Amino acid sequence: MERVLMKGCEAIAEAAVRSGCRFFAGYPITPQNEIPEYMARRLPEVGGQFVQSESEVAAINMVYGNAAGGVRAMTSSSSCGISLKSEGVSYCAMARLPIVYVNVSRGGPGVGTIQPAQQDYHQATKASGNGGFRMRVFAPATVQEAVDMTYAAFDYADKDRNPVLVLADGVIGSILEPVVLPPQKTEEEVAAIKDSKSEWAAVGHQLGSRAWINPGGWDNILYENCNKDADAMYQSWADEAEAELYKVEDAEVIITSYGISARISKSAVDALRAEGIKAGLVRAKTVFPFPNKAYDAINYDICKGIVDVEMSIPAQFVDDVKIAVDGRAPITTVLRSAGNMLSKGAIIDAAKAML
Amino acid sequence: MEELIYTKTKTIQPGKSSGFCPGCMHDTIIKLIGEVLEELDIADKTISCTGVGCCGLFMEYIDYDYIQCAHGRASAVATGLKRGNPDKIVYSYQGDGDFASIGLAESISAANRGENITVIFVNNGIYGMTGGQMAPTTLVGMKATTAPKGRNPEEHGYPMHICEMLDTLTAPVYLERTSCNTPANVIKTKKAIKKAFQNQIDGKGYSLVEIVTSCPTNWGLSALDSLDYLEQKMLPEFPLGVIRDR
C-alpha cells in the first residue's frame with residue numbers, strides 16, 4: 001500500500017471524499033481551516049458540492065438538508081464553533097439523519113485558545129445538543145487513525161441513521177504524518193449508497209407515499225417511542241466500544257487517556273518500562289460508547305493505581321474512567337489546558353507517585 | 001349529469017383538515033402551492049423545507065415530501081438539499097419570525113448566493129404559534145404580548161421590509177409581495193407562486209414571494225375586521241407588487 005505524507009485536516013477531508021462524502025458546508029475557524037479549504041478544491045473533482053456557509057449554524061443545517069436528500073454529508077469546526085452546531089446535530093439525531101462531523105478541538109470554554117486542547121469531552125460524549133441523544137464518538141491518536149475513523153464514520157452514520165463525531169484536536173489536525181489512504185469509492189458505489197436511502201430520503205415521492213424528515217412535533221406517544229428506539233440503539237453499541245491495551249497484563253500502574261494525550265502517555269509507558277517500572281496504557285479509541293470492558297483487563301491484584309491523563313482542566317474523561325474502574329484502584333490525574341501540551345515527565349512522575 | 005367545478009388539490013392528504021385558526025391565510029397559501037405543484041406536474045419531485053411556527057402546522061396534512069427544519073434554518077436546509085438533488089424542486093415555507101428574525105442570516109445568505117430555490121415568506125406581522133409576540137415586521141403602534149403598549153420605534157425600531165432588503169442584492173431573480181385578502185389578490189398570489197416555481201424549474205435562481213397575511217387570533221380581531229386592518233394598516237407599510245423580475 002502506498003504511503004503518503006499528509007496533514008491531519010487534509011487527510012481527514014480526503015478520507016471523507018473516499019468514503020463517498022459529496023457535500024461539505026463549513027465556516028472558517030482555527031485550527032481546522034484546512035478541512036474546508038481541501039474540500040473546496042477536492043469535492044468539485046468528484047461531482048460534489050462545497051458551500052462556505054455564513055455561520056456554523058447554517059453549515060450544520062445545510063448538512064441536515066443535504067443528508068435528508070440521501071447524500072453523504074459532512075461539516076467540521078473547532079470547539080466554540082461546534083457549540084453553534086449543537087442545534088443542528090440534535091435535529092439530526094431526532095430526525096435520524098446520518099451525518100459526520102469533525103471537532104478539531106482547541107482551548108475553552110468561551111473562545112478559549114486556538115491551540116490544541118481536549119476541553120470538549122463532556123460535550124462530545126454526553127450532551128452534543130439538547131435532548132439527551134447519543135452518538136458514536138471516535139478519538140484518533142494518529143493521522144492514520146483519523147483517516148480510518150473518518151472513513152468508517154460514514155458507514156456507521158448510515159447504518160445507524162444517526163450523527164457520528166470524530167473528536168480530534170489541534171495536534172492531530174495540524175501534524176504531518178505518513179498515511180495509507182483507504183480505497184476511493186467508485187461513482188457507482190456512491191450512487192448506490194444514495195439510492196439505498198431513497199425510500200426515506202426527501203427526494204420526491206408519489207403522492208400518498210411521502211418522505212417525512214421529522215425532528216419532533218406534537219404526538220407525545222410517537223416521540224416517546226422514537227426515544228425508546230434510539231435508546232435501544234445506543235445501548236446496542238456497548239460491545240462495539242474500541243480501546244487499545246498496551247502492556248496492561250502485568251502492569252503495576254496504568255495510564256489511561258485518549259487522543260493526542262494518549263500518544264504522549266504511551267511514550268511515558270515506554271520510558272517507565274525502560275526504568276523497570278511495570279506500566280501499561282488503556283487508550284479509549286471510541287469515547288462513546290466508552291470501552292468499560294477494557295478496564296476489566298487490568299489486574300487489580302497488582303495494579304496500585306491509575307493515572308488519568310487529559311488536556312482538560314477540569315478533568316472530564318476521568319468521570320468515565322471512574323465508572324469503568326468502579327473503585328478497584330485509586331485514580332489520580334495529570335492535566336494541562338488552554339493549549340499547553342502535556343509533558344512526558346509529568347506523567348512519569350505521577351505514575352511513580354502511585355507506586 | 002354532474003359537472004365537477006372544484007376539487008381539493010391532491011397534494012393534501014384525503015380526509016385531513018388544516019387546523020389553522022378561522023381567518024388564517026396559511027391554509028389558502030398551502031392550497032395555492034399544492035395547486036401550482038399539480039399544474040406544473042412536479043408534486044412527486046417537490047420537497048417542502050418548512051420553518052417553525054404556525055407555518056409548520058401543515059406538515060400533518062400535505063401529501064408530498066416534507067422536511068421540518070430548525071427555527072429559522074429552512075433556507076440553509078433548502079440550500080443543502082437542492083445542492084445534493086439539483087433535479088428536485090425545493091421550496092422553503094417560512095413565517096416572519098422564522099425568516100426575518102431568528103433566520104435572518106440564513107435567509108439573506110441563501111438569497112445572496114442565488115440558490116436555485118423558491119421561498120414562500122408569510123408575513124403577518126406577529127408571532128402566531130407562541131401567542132402574539134412582537135416580530136421584526138410588527139407595525140409601529142401595533143400591540144404585541146411583548147410590546148404591550150405597541151411597537152415603539154424609539155425602543156423597537158421599525159418594521160423590516162424583506163423584499164426591499166433583498167432587492168439590494170444582485171443574485172435574486174424574482175421578488176414579489178402579494179396578499180390573500182381578496183379573491184383578486186389570491187389569484188395574483190397563485191400567479192406569483194407559480195412564477196417562483198417556474199423560475200426554479202428553468203434554473204434561473206432565487207425567487208421569493210412575500211405574502212402579507214392576517215392573524216385574527218393574535219391581532220385580537222375577528223376574521224373580517226382583520227381583513228380591514230390588513231388593508232388599512234399592513235398594506236401601506238408593505239405595498240404589494242413586483243419588486244424584481246429578471
# chains A, B, ... in the order shown; residues from 1 in each chain; ligands from 1
$ closest_atom_pairs --of "chain A" --to "chain B" --cutoff "7 Å" --atoms "only C-alpha atoms" --output "Markdown table"
| residue | atom | partner | partner_atom | distance |
| --- | --- | --- | --- | --- |
| A:Gln49 | CA | B:Arg83 | CA | 6.7 |
| A:Glu54 | CA | B:Ser109 | CA | 6.6 |
| A:Ala58 | CA | B:Ala76 | CA | 5.6 |
| A:Asn61 | CA | B:Val77 | CA | 5.2 |
| A:Met62 | CA | B:Gly80 | CA | 4.1 |
| A:Val63 | CA | B:Gly80 | CA | 5.9 |
| A:Tyr64 | CA | B:Val77 | CA | 6.2 |
| A:Gly65 | CA | B:Val77 | CA | 4.2 |
| A:Asn66 | CA | B:Leu81 | CA | 4.2 |
| A:Ala68 | CA | B:Leu81 | CA | 6.9 |
| A:Gly69 | CA | B:Leu81 | CA | 5.6 |
| A:Val71 | CA | B:Gly84 | CA | 6.4 |
| A:Ala202 | CA | B:Asp65 | CA | 5.7 |
| A:Val203 | CA | B:Lys45 | CA | 6.6 |
| A:Gly204 | CA | B:Lys45 | CA | 3.9 |
| A:His205 | CA | B:Asp44 | CA | 4.8 |
| A:Gln206 | CA | B:Asp44 | CA | 4.8 |
| A:Leu207 | CA | B:Asp63 | CA | 5.5 |
| A:Gly208 | CA | B:Asp63 | CA | 5.7 |
| A:Arg210 | CA | B:Asp65 | CA | 4.8 |
| A:Ala211 | CA | B:Asp65 | CA | 4.8 |
| A:Trp212 | CA | B:Tyr66 | CA | 5.0 |
| A:Ile213 | CA | B:Ile67 | CA | 4.6 |
| A:Asn214 | CA | B:Gln68 | CA | 5.6 |
| A:Pro215 | CA | B:Gln68 | CA | 6.6 |
$ closest_atom_pairs --of "stretch 125-192 of chain A" --to "stretch 102-117 of chain A" --cutoff "9 Å" --atoms "only C-alpha atoms" --output "CSV"
residue,atom,partner,partner_atom,distance
A:Thr150,CA,A:Val102,CA,8.5
A:Val164,CA,A:Val102,CA,8.6
A:Leu165,CA,A:Val102,CA,5.7
A:Val166,CA,A:Val102,CA,4.7
A:Leu167,CA,A:Asn103,CA,5.1
A:Ala168,CA,A:Val104,CA,4.8
A:Asp169,CA,A:Ser105,CA,4.3
A:Gly170,CA,A:Pro116,CA,4.0
A:Val171,CA,A:Pro116,CA,5.8
A:Ile172,CA,A:Val104,CA,7.8
A:Gly173,CA,A:Val104,CA,6.2
$ residues_around --residues "A:Glu14" --least-positions-apart "2" --cutoff "10 Å" --atoms "only C-alpha atoms" --output "list in words"
Met6, Gly8, Cys9, Glu10, Ala11, Ile12, Ala16, Val17, Arg18, Ser19, Cys21, Ile35, Tyr38, Met39, Arg42, Leu43, Val147, Thr150, Tyr151, Leu181, Pro182 and Gln184 of chain A
$ select_by_dssp --residues "stretch 15-246 of chain A" --states "alpha helix (DSSP H)" --output "ChimeraX atom specification"
/A:15-18,34-42,56-68,80-95,121-125,143-160,170-174,187-195,220-236
$ residues_around --residues "stretch 163-173 of chain B" --least-positions-apart "3" --cutoff "9 Å" --atoms "only C-alpha atoms" --output "list of chain:residue names"
B:Ile108, B:Ala111, B:Asn112, B:Arg113, B:Gly114, B:Glu115, B:Met160, B:Glu176, B:Arg177, B:Asn199, B:Lys204, B:Gly205, B:Tyr206, B:Ser207, B:Leu208, B:Val209, B:Glu210, B:Ile243, B:Arg244, B:Asp245, B:Arg246
$ write_last_selection --atoms "C-alpha atoms" --output "PDB file, in the first residue's frame"
ATOM      1  CA  ILE B 108     -30.261  36.667   3.344  1.00  0.00           C
ATOM      2  CA  ALA B 111     -30.623  34.843  -1.406  1.00  0.00           C
ATOM      3  CA  ASN B 112     -27.169  36.356  -1.804  1.00  0.00           C
ATOM      4  CA  ARG B 113     -25.738  33.065  -3.083  1.00  0.00           C
ATOM      5  CA  GLY B 114     -28.579  32.960  -5.561  1.00  0.00           C
ATOM      6  CA  GLU B 115     -29.581  29.437  -4.586  1.00  0.00           C
ATOM      7  CA  MET B 160     -38.407  45.243   8.447  1.00  0.00           C
ATOM      8  CA  GLU B 176     -42.836  39.918  -5.328  1.00  0.00           C
ATOM      9  CA  ARG B 177     -45.102  40.915  -2.450  1.00  0.00           C
ATOM     10  CA  ASN B 199     -38.074  30.042 -12.280  1.00  0.00           C
ATOM     11  CA  LYS B 204     -32.989  30.827 -13.102  1.00  0.00           C
ATOM     12  CA  GLY B 205     -32.175  31.118  -9.419  1.00  0.00           C
ATOM     13  CA  TYR B 206     -33.533  32.532  -6.193  1.00  0.00           C
ATOM     14  CA  SER B 207     -37.217  33.534  -6.145  1.00  0.00           C
ATOM     15  CA  LEU B 208     -39.154  34.810  -3.153  1.00  0.00           C
ATOM     16  CA  VAL B 209     -42.820  35.603  -2.750  1.00  0.00           C
ATOM     17  CA  GLU B 210     -43.685  37.582   0.374  1.00  0.00           C
ATOM     18  CA  ILE B 243     -40.086  44.308  -6.683  1.00  0.00           C
ATOM     19  CA  ARG B 244     -37.803  42.446  -9.106  1.00  0.00           C
ATOM     20  CA  ASP B 245     -38.360  40.182 -12.107  1.00  0.00           C
ATOM     21  CA  ARG B 246     -35.340  39.244 -14.182  1.00  0.00           C
TER      22      ARG B 246
END
$ residues_around --residues "A:Arg96" --least-positions-apart "2" --cutoff "10 Å" --atoms "only C-alpha atoms" --output "list in words"
Ala67, Ala68, Ser90, Tyr91, Cys92, Ala93, Met94, Pro98, Ile99, Ala157, Asp158, Asp160, Arg161, Asn162, Pro163, Ile213, Asn214, Pro215, Cys226 and Ala230 of chain A
$ residues_around --residues "B:Leu235" --least-positions-apart "2" --cutoff "10 Å" --atoms "only C-alpha atoms" --output "short mmCIF file (atom, residue, chain, number, x, y, z; two decimals) with C-alpha atoms, in the first residue's frame"
data_model
loop_
_atom_site.label_atom_id
_atom_site.label_comp_id
_atom_site.auth_asym_id
_atom_site.auth_seq_id
_atom_site.Cartn_x
_atom_site.Cartn_y
_atom_site.Cartn_z
CA ARG B 177 -45.10 40.92 -2.45
CA THR B 178 -48.70 39.77 -2.59
CA SER B 179 -51.60 39.24 -0.24
CA VAL B 212 -48.89 39.68 3.60
CA THR B 213 -51.47 37.93 5.74
CA TYR B 229 -56.79 46.07 9.35
CA LEU B 230 -54.65 44.36 6.74
CA GLU B 231 -55.97 46.65 4.02
CA GLN B 232 -55.71 49.86 6.04
CA LYS B 233 -52.56 49.28 8.09
CA GLU B 237 -46.41 49.58 5.23
CA PHE B 238 -45.87 46.58 2.93
CA PRO B 239 -47.01 47.71 -0.53
CA LEU B 240 -47.89 44.93 -2.94
#
$ atom_distance --atom1 "atom CA of B:Tyr174" --atom2 "atom CA of B:Val242"
8.0 Å
$ closest_residue --among "A:Leu272, A:Leu222, A:Cys80, A:Met135" --to "A:Gln235" --atoms "only C-alpha atoms"
A:Met135
$ atom_distance --atom1 "atom CA of B:Asp27" --atom2 "atom CA of A:Ala95"
25.4 Å
$ closest_residue --among "A:Ser312, A:Ser265, A:Gln144, A:Thr333" --to "A:Gln119" --atoms "only C-alpha atoms"
A:Ser312
$ residues_around --residues "stretch 345-351 of chain A" --least-positions-apart "3" --cutoff "9 Å" --atoms "only C-alpha atoms" --output "list in words"
Val253, Ile254, Ile255, Ile264, Ser265, Ala268, Val269, Ala271, Leu272, Ala279, Gly305, Ile306, Val307, Val309, Thr332, Thr333, Val334, Leu342, Met354 and Leu355 of chain A
$ write_last_selection --atoms "N, CA and C atoms" --output "PDB file, in the first residue's frame"
ATOM      1  N   VAL A 253       1.114  -0.039  37.415  1.00  0.00           N
ATOM      2  CA  VAL A 253       0.485   1.280  37.314  1.00  0.00           C
ATOM      3  C   VAL A 253      -0.049   1.429  35.882  1.00  0.00           C
ATOM      4  N   ILE A 254      -1.261   1.925  35.784  1.00  0.00           N
ATOM      5  CA  ILE A 254      -1.921   2.087  34.475  1.00  0.00           C
ATOM      6  C   ILE A 254      -2.088   3.578  34.169  1.00  0.00           C
ATOM      7  N   ILE A 255      -1.706   3.927  32.975  1.00  0.00           N
ATOM      8  CA  ILE A 255      -2.009   5.279  32.496  1.00  0.00           C
ATOM      9  C   ILE A 255      -3.180   5.143  31.522  1.00  0.00           C
ATOM     10  N   ILE A 264       1.163  10.746  24.057  1.00  0.00           N
ATOM     11  CA  ILE A 264       2.223  11.168  24.983  1.00  0.00           C
ATOM     12  C   ILE A 264       2.300  10.156  26.131  1.00  0.00           C
ATOM     13  N   SER A 265       1.135   9.683  26.544  1.00  0.00           N
ATOM     14  CA  SER A 265       1.091   8.703  27.641  1.00  0.00           C
ATOM     15  C   SER A 265       1.813   7.418  27.262  1.00  0.00           C
ATOM     16  N   ALA A 268       5.352   7.729  27.715  1.00  0.00           N
ATOM     17  CA  ALA A 268       5.663   7.688  29.142  1.00  0.00           C
ATOM     18  C   ALA A 268       5.720   6.239  29.632  1.00  0.00           C
ATOM     19  N   VAL A 269       4.803   5.392  29.115  1.00  0.00           N
ATOM     20  CA  VAL A 269       4.806   3.970  29.484  1.00  0.00           C
ATOM     21  C   VAL A 269       6.141   3.335  29.072  1.00  0.00           C
ATOM     22  N   ALA A 271       8.993   4.806  28.613  1.00  0.00           N
ATOM     23  CA  ALA A 271      10.081   5.348  29.443  1.00  0.00           C
ATOM     24  C   ALA A 271      10.084   4.686  30.817  1.00  0.00           C
ATOM     25  N   LEU A 272       8.888   4.473  31.378  1.00  0.00           N
ATOM     26  CA  LEU A 272       8.792   3.814  32.684  1.00  0.00           C
ATOM     27  C   LEU A 272       9.271   2.377  32.590  1.00  0.00           C
ATOM     28  N   ALA A 279       4.572  -0.421  33.812  1.00  0.00           N
ATOM     29  CA  ALA A 279       3.475   0.497  33.482  1.00  0.00           C
ATOM     30  C   ALA A 279       2.732  -0.023  32.260  1.00  0.00           C
ATOM     31  N   GLY A 305      -2.421   1.725  41.023  1.00  0.00           N
ATOM     32  CA  GLY A 305      -3.120   2.986  40.762  1.00  0.00           C
ATOM     33  C   GLY A 305      -3.228   3.287  39.280  1.00  0.00           C
ATOM     34  N   ILE A 306      -4.099   4.223  38.993  1.00  0.00           N
ATOM     35  CA  ILE A 306      -4.379   4.615  37.603  1.00  0.00           C
ATOM     36  C   ILE A 306      -4.159   6.115  37.460  1.00  0.00           C
ATOM     37  N   VAL A 307      -3.434   6.476  36.405  1.00  0.00           N
ATOM     38  CA  VAL A 307      -3.170   7.894  36.125  1.00  0.00           C
ATOM     39  C   VAL A 307      -4.012   8.316  34.921  1.00  0.00           C
ATOM     40  N   VAL A 309      -4.859  10.915  32.171  1.00  0.00           N
ATOM     41  CA  VAL A 309      -4.099  11.976  31.501  1.00  0.00           C
ATOM     42  C   VAL A 309      -4.985  12.621  30.433  1.00  0.00           C
ATOM     43  N   THR A 332      -5.531   9.053  39.920  1.00  0.00           N
ATOM     44  CA  THR A 332      -5.042  10.425  40.002  1.00  0.00           C
ATOM     45  C   THR A 332      -5.083  11.036  38.602  1.00  0.00           C
ATOM     46  N   THR A 333      -4.839  12.313  38.505  1.00  0.00           N
ATOM     47  CA  THR A 333      -4.912  12.963  37.199  1.00  0.00           C
ATOM     48  C   THR A 333      -3.647  13.758  36.890  1.00  0.00           C
ATOM     49  N   VAL A 334      -3.325  13.817  35.592  1.00  0.00           N
ATOM     50  CA  VAL A 334      -2.293  14.730  35.078  1.00  0.00           C
ATOM     51  C   VAL A 334      -2.972  15.562  33.990  1.00  0.00           C
ATOM     52  N   LEU A 342       0.958  18.522  27.345  1.00  0.00           N
ATOM     53  CA  LEU A 342       1.380  17.665  28.443  1.00  0.00           C
ATOM     54  C   LEU A 342       2.860  17.332  28.286  1.00  0.00           C
ATOM     55  N   MET A 354       2.251   6.767  42.339  1.00  0.00           N
ATOM     56  CA  MET A 354       1.198   5.798  42.664  1.00  0.00           C
ATOM     57  C   MET A 354       1.781   4.509  43.255  1.00  0.00           C
ATOM     58  N   LEU A 355       3.085   4.309  43.061  1.00  0.00           N
ATOM     59  CA  LEU A 355       3.694   3.022  43.454  1.00  0.00           C
ATOM     60  C   LEU A 355       4.150   3.035  44.909  1.00  0.00           C
TER      61      LEU A 355
END
